[in-house]
>>> print(open('final.cif').read())   # mmCIF, C-alpha atoms
data_start
#
loop_
_atom_site.label_atom_id
_atom_site.label_comp_id
_atom_site.auth_asym_id
_atom_site.auth_seq_id
_atom_site.Cartn_x
_atom_site.Cartn_y
_atom_site.Cartn_z
CA MET Q 1 6.69 -43.41 6.78
CA SER Q 2 7.92 -39.84 7.25
CA SER Q 3 9.40 -38.76 10.55
CA GLU Q 4 7.35 -36.63 12.93
CA ALA Q 5 9.55 -33.59 12.30
CA SER Q 6 8.82 -33.73 8.57
CA ARG Q 7 5.04 -33.82 8.96
CA LYS Q 8 3.51 -30.64 7.68
CA VAL Q 9 2.15 -28.01 10.04
CA ALA Q 10 -0.85 -25.75 9.55
CA LEU Q 11 -1.51 -22.66 11.63
CA VAL Q 12 -5.19 -21.64 11.67
CA THR Q 13 -6.39 -18.41 13.28
CA GLY Q 14 -9.93 -18.01 14.55
CA ALA Q 15 -9.88 -21.76 15.06
CA ALA Q 16 -12.00 -22.13 18.19
CA ARG Q 17 -15.21 -22.72 16.25
CA GLY Q 18 -16.93 -22.53 12.90
CA ILE Q 19 -14.96 -22.52 9.66
CA GLY Q 20 -11.64 -22.31 11.49
CA PHE Q 21 -12.27 -25.39 13.61
CA ALA Q 22 -13.63 -27.33 10.62
CA THR Q 23 -10.48 -26.39 8.70
CA ALA Q 24 -8.24 -27.58 11.51
CA LYS Q 25 -10.03 -30.93 11.52
CA ARG Q 26 -9.58 -31.19 7.73
CA PHE Q 27 -5.83 -30.77 8.06
CA LEU Q 28 -5.70 -33.35 10.84
CA ALA Q 29 -7.61 -35.80 8.67
CA ASP Q 30 -4.82 -35.60 6.10
CA GLY Q 31 -2.07 -36.20 8.65
CA TRP Q 32 -0.98 -32.63 9.27
CA ARG Q 33 -0.10 -31.19 12.65
CA VAL Q 34 -2.19 -28.14 13.52
CA ALA Q 35 -1.82 -25.08 15.71
CA LEU Q 36 -5.22 -23.59 16.53
CA LEU Q 37 -5.14 -19.89 17.44
CA ASP Q 38 -7.99 -17.87 18.91
CA VAL Q 39 -8.75 -15.09 21.36
CA ASP Q 40 -11.58 -17.10 22.96
CA ASP Q 41 -9.60 -19.28 25.36
CA ASP Q 42 -12.49 -21.23 26.86
CA THR Q 43 -13.98 -22.38 23.55
CA LEU Q 44 -10.55 -22.99 22.05
CA LEU Q 45 -9.33 -25.20 24.89
CA ARG Q 46 -12.58 -27.14 25.03
CA ASN Q 47 -12.65 -27.88 21.31
CA VAL Q 48 -8.96 -28.69 21.03
CA ALA Q 49 -9.37 -31.11 23.94
CA SER Q 50 -12.23 -32.75 22.05
CA LEU Q 51 -9.81 -33.60 19.24
CA ALA Q 52 -7.93 -35.86 21.67
CA SER Q 53 -4.68 -35.46 19.76
CA PRO Q 54 -2.18 -33.63 22.00
CA ASP Q 55 0.85 -34.65 19.95
CA THR Q 56 -0.47 -33.19 16.70
CA THR Q 57 -2.47 -30.19 17.96
CA MET Q 58 -1.84 -27.16 20.12
CA ALA Q 59 -4.07 -24.36 21.37
CA VAL Q 60 -2.60 -20.87 21.33
CA HIS Q 61 -4.19 -17.70 22.69
CA CYS Q 62 -3.72 -14.91 20.16
CA ASP Q 63 -5.30 -11.57 19.31
CA VAL Q 64 -4.10 -11.20 15.74
CA SER Q 65 -4.40 -7.41 15.81
CA HIS Q 66 -1.47 -7.05 18.24
CA PRO Q 67 2.07 -7.47 16.83
CA GLU Q 68 3.55 -8.62 20.15
CA THR Q 69 0.89 -11.30 20.65
CA VAL Q 70 1.32 -12.52 17.08
CA ALA Q 71 5.09 -12.80 17.50
CA LEU Q 72 4.73 -14.79 20.72
CA ALA Q 73 2.09 -17.08 19.24
CA VAL Q 74 4.12 -17.91 16.14
CA ALA Q 75 7.24 -18.48 18.24
CA SER Q 76 5.35 -20.98 20.41
CA VAL Q 77 4.19 -22.88 17.33
CA VAL Q 78 7.72 -23.10 15.96
CA GLN Q 79 9.00 -24.19 19.36
CA LYS Q 80 6.61 -27.15 19.45
CA PHE Q 81 6.38 -28.15 15.80
CA GLY Q 82 9.56 -26.69 14.26
CA ARG Q 83 7.95 -25.45 11.07
CA VAL Q 84 4.88 -23.87 9.47
CA ASP Q 85 3.77 -25.00 6.01
CA ALA Q 86 0.33 -23.40 5.81
CA LEU Q 87 -1.22 -20.32 7.36
CA VAL Q 88 -4.98 -19.84 7.32
CA ASN Q 89 -5.98 -16.29 8.27
CA ASN Q 90 -9.52 -17.01 9.38
CA ALA Q 91 -9.81 -14.80 12.50
CA GLY Q 92 -12.35 -12.07 11.97
CA THR Q 93 -14.93 -9.86 13.57
CA ALA Q 94 -18.03 -8.09 12.32
CA ILE Q 95 -20.08 -5.11 13.41
CA PHE Q 96 -23.29 -4.67 11.46
CA LYS Q 97 -24.62 -1.13 11.72
CA PRO Q 98 -25.99 1.57 9.40
CA ILE Q 99 -23.02 3.48 8.00
CA LEU Q 100 -23.89 6.67 9.89
CA ASP Q 101 -23.93 4.76 13.18
CA VAL Q 102 -20.50 3.14 12.80
CA THR Q 103 -18.18 4.65 15.40
CA TYR Q 104 -14.48 5.22 15.02
CA GLU Q 105 -13.93 2.44 17.56
CA ASP Q 106 -16.15 0.07 15.54
CA TRP Q 107 -14.29 0.87 12.33
CA SER Q 108 -10.85 0.59 13.92
CA ARG Q 109 -11.52 -2.77 15.59
CA VAL Q 110 -12.92 -4.41 12.46
CA LEU Q 111 -10.02 -3.19 10.32
CA ALA Q 112 -7.49 -4.20 12.98
CA VAL Q 113 -8.68 -7.80 13.20
CA ASN Q 114 -9.79 -8.45 9.62
CA LEU Q 115 -7.05 -6.66 7.69
CA THR Q 116 -4.15 -5.83 9.98
CA GLY Q 117 -4.31 -9.31 11.54
CA PRO Q 118 -3.63 -11.22 8.31
CA PHE Q 119 -0.87 -8.71 7.47
CA LEU Q 120 0.86 -9.28 10.81
CA MET Q 121 0.42 -13.06 10.72
CA ALA Q 122 1.88 -13.33 7.22
CA GLN Q 123 4.83 -11.14 8.15
CA ALA Q 124 5.55 -13.37 11.13
CA VAL Q 125 5.13 -16.69 9.32
CA ALA Q 126 6.61 -15.97 5.87
CA PRO Q 127 10.27 -16.04 6.99
CA ILE Q 128 9.69 -19.43 8.61
CA MET Q 129 8.14 -20.76 5.41
CA ARG Q 130 10.95 -19.26 3.34
CA ASP Q 131 13.62 -20.97 5.43
CA ASN Q 132 11.78 -24.29 5.08
CA GLY Q 133 11.44 -24.14 1.29
CA GLY Q 134 8.06 -22.40 0.94
CA GLY Q 135 4.45 -22.76 1.93
CA ALA Q 136 0.92 -21.52 1.38
CA ILE Q 137 -1.22 -18.80 2.90
CA VAL Q 138 -5.01 -18.63 2.60
CA ASN Q 139 -6.82 -15.48 3.69
CA ILE Q 140 -10.52 -15.78 4.48
CA THR Q 141 -12.23 -12.81 2.91
CA SER Q 142 -15.99 -12.70 2.29
CA ILE Q 143 -18.54 -12.28 -0.41
CA SER Q 144 -19.13 -8.94 1.36
CA GLY Q 145 -15.72 -7.86 0.10
CA LEU Q 146 -16.76 -8.51 -3.50
CA ARG Q 147 -20.21 -6.92 -3.50
CA ALA Q 148 -21.63 -4.20 -1.27
CA SER Q 149 -24.41 -4.90 1.19
CA THR Q 150 -26.25 -2.93 3.85
CA LEU Q 151 -24.84 -2.63 7.38
CA ARG Q 152 -21.37 -3.75 6.28
CA ALA Q 153 -19.37 -0.55 5.74
CA ALA Q 154 -16.52 -1.63 8.02
CA TYR Q 155 -16.78 -5.38 7.48
CA GLY Q 156 -17.09 -5.27 3.69
CA THR Q 157 -14.31 -2.71 3.36
CA SER Q 158 -11.98 -4.79 5.53
CA LYS Q 159 -12.63 -7.87 3.43
CA ALA Q 160 -12.18 -6.00 0.15
CA GLY Q 161 -8.87 -4.76 1.49
CA LEU Q 162 -7.92 -8.31 2.41
CA ALA Q 163 -8.54 -9.42 -1.18
CA GLN Q 164 -6.11 -6.74 -2.35
CA LEU Q 165 -3.61 -7.70 0.35
CA THR Q 166 -3.84 -11.29 -0.91
CA GLN Q 167 -2.64 -10.19 -4.33
CA GLN Q 168 0.12 -8.01 -2.87
CA GLN Q 169 1.34 -10.92 -0.77
CA ALA Q 170 1.17 -13.30 -3.72
CA VAL Q 171 3.23 -10.99 -5.92
CA GLU Q 172 5.93 -10.36 -3.34
CA LEU Q 173 6.14 -13.73 -1.61
CA GLY Q 174 6.05 -15.89 -4.74
CA ALA Q 175 9.82 -15.58 -5.13
CA LEU Q 176 10.16 -17.12 -1.66
CA GLY Q 177 8.15 -20.17 -2.68
CA ILE Q 178 5.04 -18.99 -0.86
CA ARG Q 179 1.65 -19.09 -2.56
CA VAL Q 180 -1.10 -16.77 -1.29
CA ASN Q 181 -4.78 -17.13 -2.13
CA ALA Q 182 -8.10 -16.20 -0.57
CA VAL Q 183 -11.42 -17.91 -0.02
CA ALA Q 184 -14.53 -15.72 0.00
CA PRO Q 185 -17.37 -17.51 1.77
CA GLY Q 186 -20.97 -16.74 1.04
CA PRO Q 187 -23.63 -17.49 3.68
CA VAL Q 188 -22.43 -20.45 5.75
CA ASP Q 189 -24.46 -22.47 8.25
CA THR Q 190 -22.35 -21.60 11.26
CA ALA Q 191 -23.67 -21.46 14.82
CA MET Q 192 -23.59 -17.66 14.60
CA ALA Q 193 -25.64 -17.62 11.40
CA LYS Q 194 -28.17 -19.97 12.92
CA ALA Q 195 -28.48 -17.66 15.91
CA VAL Q 196 -28.82 -14.31 14.13
CA HIS Q 197 -30.42 -15.11 10.75
CA SER Q 198 -34.17 -15.01 11.04
CA PRO Q 199 -36.33 -17.32 8.90
CA GLU Q 200 -37.00 -14.32 6.64
CA ILE Q 201 -33.29 -13.66 6.16
CA ARG Q 202 -32.58 -17.32 5.47
CA ALA Q 203 -35.37 -17.46 2.89
CA ALA Q 204 -34.04 -14.34 1.19
CA TYR Q 205 -30.55 -15.83 0.97
CA HIS Q 206 -31.94 -19.07 -0.44
CA ASP Q 207 -33.73 -17.05 -3.13
CA ALA Q 208 -30.52 -15.19 -4.01
CA ILE Q 209 -28.22 -18.24 -4.13
CA PRO Q 210 -28.40 -20.41 -7.27
CA LEU Q 211 -27.75 -23.57 -5.24
CA ASN Q 212 -30.61 -22.51 -2.97
CA ARG Q 213 -28.90 -23.23 0.36
CA TYR Q 214 -26.28 -22.11 2.83
CA GLY Q 215 -22.80 -23.59 2.62
CA LEU Q 216 -21.44 -26.00 5.21
CA GLU Q 217 -18.36 -25.34 7.31
CA GLU Q 218 -16.87 -28.56 5.93
CA GLU Q 219 -17.32 -27.32 2.35
CA LEU Q 220 -15.33 -24.19 3.15
CA ALA Q 221 -12.69 -26.30 4.85
CA GLU Q 222 -12.26 -28.42 1.73
CA ALA Q 223 -11.61 -25.35 -0.44
CA ILE Q 224 -9.16 -23.93 2.09
CA PHE Q 225 -7.33 -27.23 2.38
CA PHE Q 226 -7.08 -27.54 -1.40
CA LEU Q 227 -5.44 -24.12 -1.70
CA CYS Q 228 -2.93 -25.08 1.01
CA SER Q 229 -2.12 -28.43 -0.56
CA ASP Q 230 0.30 -29.37 -3.33
CA ARG Q 231 -2.69 -29.98 -5.59
CA SER Q 232 -2.93 -26.20 -6.07
CA SER Q 233 0.80 -25.78 -6.69
CA TYR Q 234 0.36 -23.36 -9.64
CA ILE Q 235 -2.41 -21.24 -8.11
CA THR Q 236 -1.57 -17.97 -6.39
CA GLY Q 237 -3.03 -14.48 -6.11
CA GLN Q 238 -6.61 -15.70 -6.54
CA VAL Q 239 -9.86 -15.12 -4.64
CA LEU Q 240 -12.12 -18.16 -4.76
CA ALA Q 241 -15.77 -17.48 -3.94
CA VAL Q 242 -17.24 -20.51 -2.17
CA ASP Q 243 -20.79 -19.27 -2.12
CA GLY Q 244 -23.19 -21.48 -4.07
CA GLY Q 245 -23.07 -19.00 -6.95
CA PHE Q 246 -24.18 -16.00 -4.87
CA GLU Q 247 -21.50 -13.60 -6.19
CA ALA Q 248 -22.08 -14.67 -9.79
CA THR Q 249 -25.71 -13.51 -9.70
CA GLY Q 250 -24.68 -9.84 -9.56
CA ILE Q 251 -27.75 -7.65 -9.24
CA GLY Q 252 -30.05 -10.05 -11.06
CA LEU Q 253 -33.39 -10.52 -9.37
CA PRO Q 254 -34.36 -14.04 -8.27
CA ALA Q 255 -37.75 -13.59 -10.01
CA LEU Q 256 -36.02 -12.91 -13.34
CA ARG Q 257 -33.76 -15.91 -12.92
CA GLY Q 258 -36.87 -18.00 -12.31
CA GLN Q 259 -38.32 -16.79 -15.63
CA GLY Q 260 -35.07 -17.79 -17.31
CA GLN Q 261 -35.46 -21.33 -16.03
CA ASN Q 262 -38.86 -21.48 -17.68
CA GLY Q 263 -37.67 -20.18 -21.01
#
>>> encode(input="final.cif", output="structure tokens")
Amino acid sequence: MSSEASRKVALVTGAARGIGFATAKRFLADGWRVALLDVDDDTLLRNVASLASPDTTMAVHCDVSHPETVALAVASVVQKFGRVDALVNNAGTAIFKPILDVTYEDWSRVLAVNLTGPFLMAQAVAPIMRDNGGGAIVNITSISGLRASTLRAAYGTSKAGLAQLTQQQAVELGALGIRVNAVAPGPVDTAMAKAVHSPEIRAAYHDAIPLNRYGLEEELAEAIFFLCSDRSSYITGQVLAVDGGFEATGIGLPALRGQGQNG
């Protein structure tokens, strides 16, 4: 049995709910220790308390867009756990507006959280991983970063930039023993999606997704965990779409795909 100090540590941002919280639970299920970071203190503290595992979890307030906050957050994780083996850059924000209505403030905030945040987190964590023999980073992009969609000028651009940053990080950090990959979720059945996606929107997504359903938070967590684990030891610089085939459909119309099934 390995000592407590040798147990691996995952740091997950945007971990108060949704994909981030599901990912934290997946690491815990495999015996990792987990630092859960979020800007939403109330939800974070409530959900971390529900895990009932104070020795292997910690809740950390962090706005990933601020260098000082990031530095303090990472330092607190190292102080408690002594190491970081995996970083999951899941924190994100979205503003859905027509492109001509997106304000400078809208644009700046989305880019700060979704693109600058993962840059700052990786800069803070990579030296710790290097000194401990390596590690893995997974950036959570989006299918919106791989194909354009309405109302997503800031969001989609930030996620496309994050896909490029993933490759830059992979190329430069590989020599330090750090692998960097990205997961691009398609529509996922999160609480937010359930609240804002009308029945019409859900039906349209079902029509456009070959597997004909939304993904589950746990399915995203499995992909993220795989890319952080030793089972993906020769994978780096990749963007994995976990989307039920949504990205693969390109601009093909669901009606035409239906005809193909009848052929």
>>> atom_distance(input="final.cif", atom1="CA of Ala22 in chain Q", atom2="CA of Phe225 in chain Q")
10.4 Å
>>> closest_residue(input="final.cif", among="Q:Leu216, Q:Ala241, Q:Ala71, Q:Val188", to="Asn139 in chain Q", atoms="all atoms listed in the file")
Q:Ala241
>>> resolve_selection(input="final.cif", expression="the PyMOL selection byres ((chain Q and resi 86) around 9)", output="mmCIF file with C-alpha atoms, in the frame of the given file")
data_model
loop_
_atom_site.group_PDB
_atom_site.id
_atom_site.type_symbol
_atom_site.label_atom_id
_atom_site.label_comp_id
_atom_site.auth_asym_id
_atom_site.auth_seq_id
_atom_site.Cartn_x
_atom_site.Cartn_y
_atom_site.Cartn_z
ATOM 1 C CA LYS Q 8 3.510 -30.640 7.680
ATOM 2 C CA VAL Q 9 2.150 -28.010 10.040
ATOM 3 C CA ALA Q 10 -0.850 -25.750 9.550
ATOM 4 C CA LEU Q 11 -1.510 -22.660 11.630
ATOM 5 C CA VAL Q 12 -5.190 -21.640 11.670
ATOM 6 C CA VAL Q 84 4.880 -23.870 9.470
ATOM 7 C CA ASP Q 85 3.770 -25.000 6.010
ATOM 8 C CA LEU Q 87 -1.220 -20.320 7.360
ATOM 9 C CA VAL Q 88 -4.980 -19.840 7.320
ATOM 10 C CA VAL Q 125 5.130 -16.690 9.320
ATOM 11 C CA MET Q 129 8.140 -20.760 5.410
ATOM 12 C CA GLY Q 135 4.450 -22.760 1.930
ATOM 13 C CA ALA Q 136 0.920 -21.520 1.380
ATOM 14 C CA ILE Q 137 -1.220 -18.800 2.900
ATOM 15 C CA VAL Q 138 -5.010 -18.630 2.600
ATOM 16 C CA CYS Q 228 -2.930 -25.080 1.010
ATOM 17 C CA SER Q 229 -2.120 -28.430 -0.560
#
>>> residues_around(input="final.cif", residues="Ile19 in chain Q", least_positions_apart="4", cutoff="9 Å", atoms="only C-alpha atoms", output="short mmCIF file (atom, residue, chain, number, x, y, z; two decimals) with C-alpha atoms, in the frame of the given file")
data_model
loop_
_atom_site.label_atom_id
_atom_site.label_comp_id
_atom_site.auth_asym_id
_atom_site.auth_seq_id
_atom_site.Cartn_x
_atom_site.Cartn_y
_atom_site.Cartn_z
CA GLY Q 14 -9.93 -18.01 14.55
CA ALA Q 15 -9.88 -21.76 15.06
CA THR Q 23 -10.48 -26.39 8.70
CA ALA Q 24 -8.24 -27.58 11.51
CA ASN Q 90 -9.52 -17.01 9.38
CA VAL Q 188 -22.43 -20.45 5.75
CA THR Q 190 -22.35 -21.60 11.26
CA LEU Q 216 -21.44 -26.00 5.21
CA GLU Q 217 -18.36 -25.34 7.31
CA GLU Q 218 -16.87 -28.56 5.93
CA LEU Q 220 -15.33 -24.19 3.15
CA ALA Q 221 -12.69 -26.30 4.85
#
>>> resolve_selection(input="final.cif", expression="the PyMOL selection byres ((chain Q and resi 130) around 10)", output="list in words")
Val84, Asp85, Val125, Ala126, Pro127, Ile128, Met129, Asp131, Asn132, Gly133, Gly134, Gly135, Leu173, Ala175, Leu176, Gly177 and Ile178 of chain Q
>>> atom_distance(input="final.cif", atom1="CA of Phe226 in chain Q", atom2="CA of Ser53 in chain Q")
22.7 Å
>>> closest_residue(input="final.cif", among="Q:Leu51, Q:Leu162, Q:Gly250, Q:Val180", to="Ala148 in chain Q", atoms="only C-alpha atoms")
Q:Gly250
>>> closest_residue(input="final.cif", among="Q:Arg213, Q:Gly161, Q:Ser144, Q:Glu222", to="Ala184 in chain Q", atoms="only C-alpha atoms")
Q:Ser144
>>> closest_residue(input="final.cif", among="Q:Ser76, Q:Thr43, Q:Asn114, Q:Thr249", to="Asp63 in chain Q", atoms="only C-alpha atoms")
Q:Asn114
>>> residues_near_point(input="final.cif", point="(-19.1, -5.5, 5.7)", cutoff="10 Å", atoms="all atoms listed in the file", output="list in words")
Thr93, Ala94, Ile95, Phe96, Lys97, Val110, Ser142, Ile143, Ser144, Gly145, Leu146, Arg147, Ala148, Ser149, Thr150, Leu151, Arg152, Ala153, Ala154, Tyr155, Gly156, Thr157, Ser158, Lys159 and Ala160 of chain Q
>>> closest_residue(input="final.cif", among="Q:Val113, Q:Tyr205, Q:Ala163, Q:Ser108", to="Gln238 in chain Q", atoms="all atoms listed in the file")
Q:Ala163
>>> atom_distance(input="final.cif", atom1="CA of Met121 in chain Q", atom2="CA of Ile99 in chain Q")
28.8 Å
>>> decode(input="final.cif", residues="range 206-248 of chain Q", atoms="C-alpha atoms", output="mmCIF file, in the first residue's frame")
data_model
loop_
_atom_site.group_PDB
_atom_site.id
_atom_site.type_symbol
_atom_site.label_atom_id
_atom_site.label_comp_id
_atom_site.auth_asym_id
_atom_site.auth_seq_id
_atom_site.Cartn_x
_atom_site.Cartn_y
_atom_site.Cartn_z
ATOM 1 C CA HIS Q 206 -30.814 15.061 -30.999
ATOM 2 C CA ASP Q 207 -31.392 15.287 -34.757
ATOM 3 C CA ALA Q 208 -27.844 16.566 -35.326
ATOM 4 C CA ILE Q 209 -26.056 14.025 -33.105
ATOM 5 C CA PRO Q 210 -25.551 10.530 -34.562
ATOM 6 C CA LEU Q 211 -25.990 8.923 -31.129
ATOM 7 C CA ASN Q 212 -29.247 10.883 -30.820
ATOM 8 C CA ARG Q 213 -28.763 12.086 -27.238
ATOM 9 C CA TYR Q 214 -26.910 14.458 -24.971
ATOM 10 C CA GLY Q 215 -23.773 13.259 -23.219
ATOM 11 C CA LEU Q 216 -23.617 12.629 -19.489
ATOM 12 C CA GLU Q 217 -21.279 14.434 -17.124
ATOM 13 C CA GLU Q 218 -19.886 11.054 -16.086
ATOM 14 C CA GLU Q 219 -19.035 10.213 -19.713
ATOM 15 C CA LEU Q 220 -16.985 13.389 -19.999
ATOM 16 C CA ALA Q 221 -15.311 12.612 -16.689
ATOM 17 C CA GLU Q 222 -14.233 9.194 -17.956
ATOM 18 C CA ALA Q 223 -12.532 10.708 -21.013
ATOM 19 C CA ILE Q 224 -10.818 13.356 -18.902
ATOM 20 C CA PHE Q 225 -9.627 10.785 -16.389
ATOM 21 C CA PHE Q 226 -8.267 8.560 -19.154
ATOM 22 C CA LEU Q 227 -6.166 11.401 -20.575
ATOM 23 C CA CYS Q 228 -4.777 12.117 -17.097
ATOM 24 C CA SER Q 229 -3.979 8.479 -16.375
ATOM 25 C CA ASP Q 230 -0.979 6.355 -17.287
ATOM 26 C CA ARG Q 231 -3.177 4.504 -19.779
ATOM 27 C CA SER Q 232 -2.735 7.468 -22.151
ATOM 28 C CA SER Q 233 1.025 7.680 -21.616
ATOM 29 C CA TYR Q 234 1.850 8.173 -25.335
ATOM 30 C CA ILE Q 235 -0.939 10.645 -26.114
ATOM 31 C CA THR Q 236 -0.235 14.370 -26.124
ATOM 32 C CA GLY Q 237 -1.223 17.407 -28.163
ATOM 33 C CA GLN Q 238 -4.627 15.976 -29.083
ATOM 34 C CA VAL Q 239 -8.191 17.307 -28.951
ATOM 35 C CA LEU Q 240 -10.692 14.540 -28.264
ATOM 36 C CA ALA Q 241 -14.292 15.372 -29.178
ATOM 37 C CA VAL Q 242 -16.634 13.649 -26.731
ATOM 38 C CA ASP Q 243 -19.825 14.559 -28.500
ATOM 39 C CA GLY Q 244 -21.779 11.539 -29.734
ATOM 40 C CA GLY Q 245 -20.442 12.147 -33.240
ATOM 41 C CA PHE Q 246 -21.713 15.740 -33.481
ATOM 42 C CA GLU Q 247 -18.458 17.220 -34.852
ATOM 43 C CA ALA Q 248 -18.041 14.404 -37.359
#
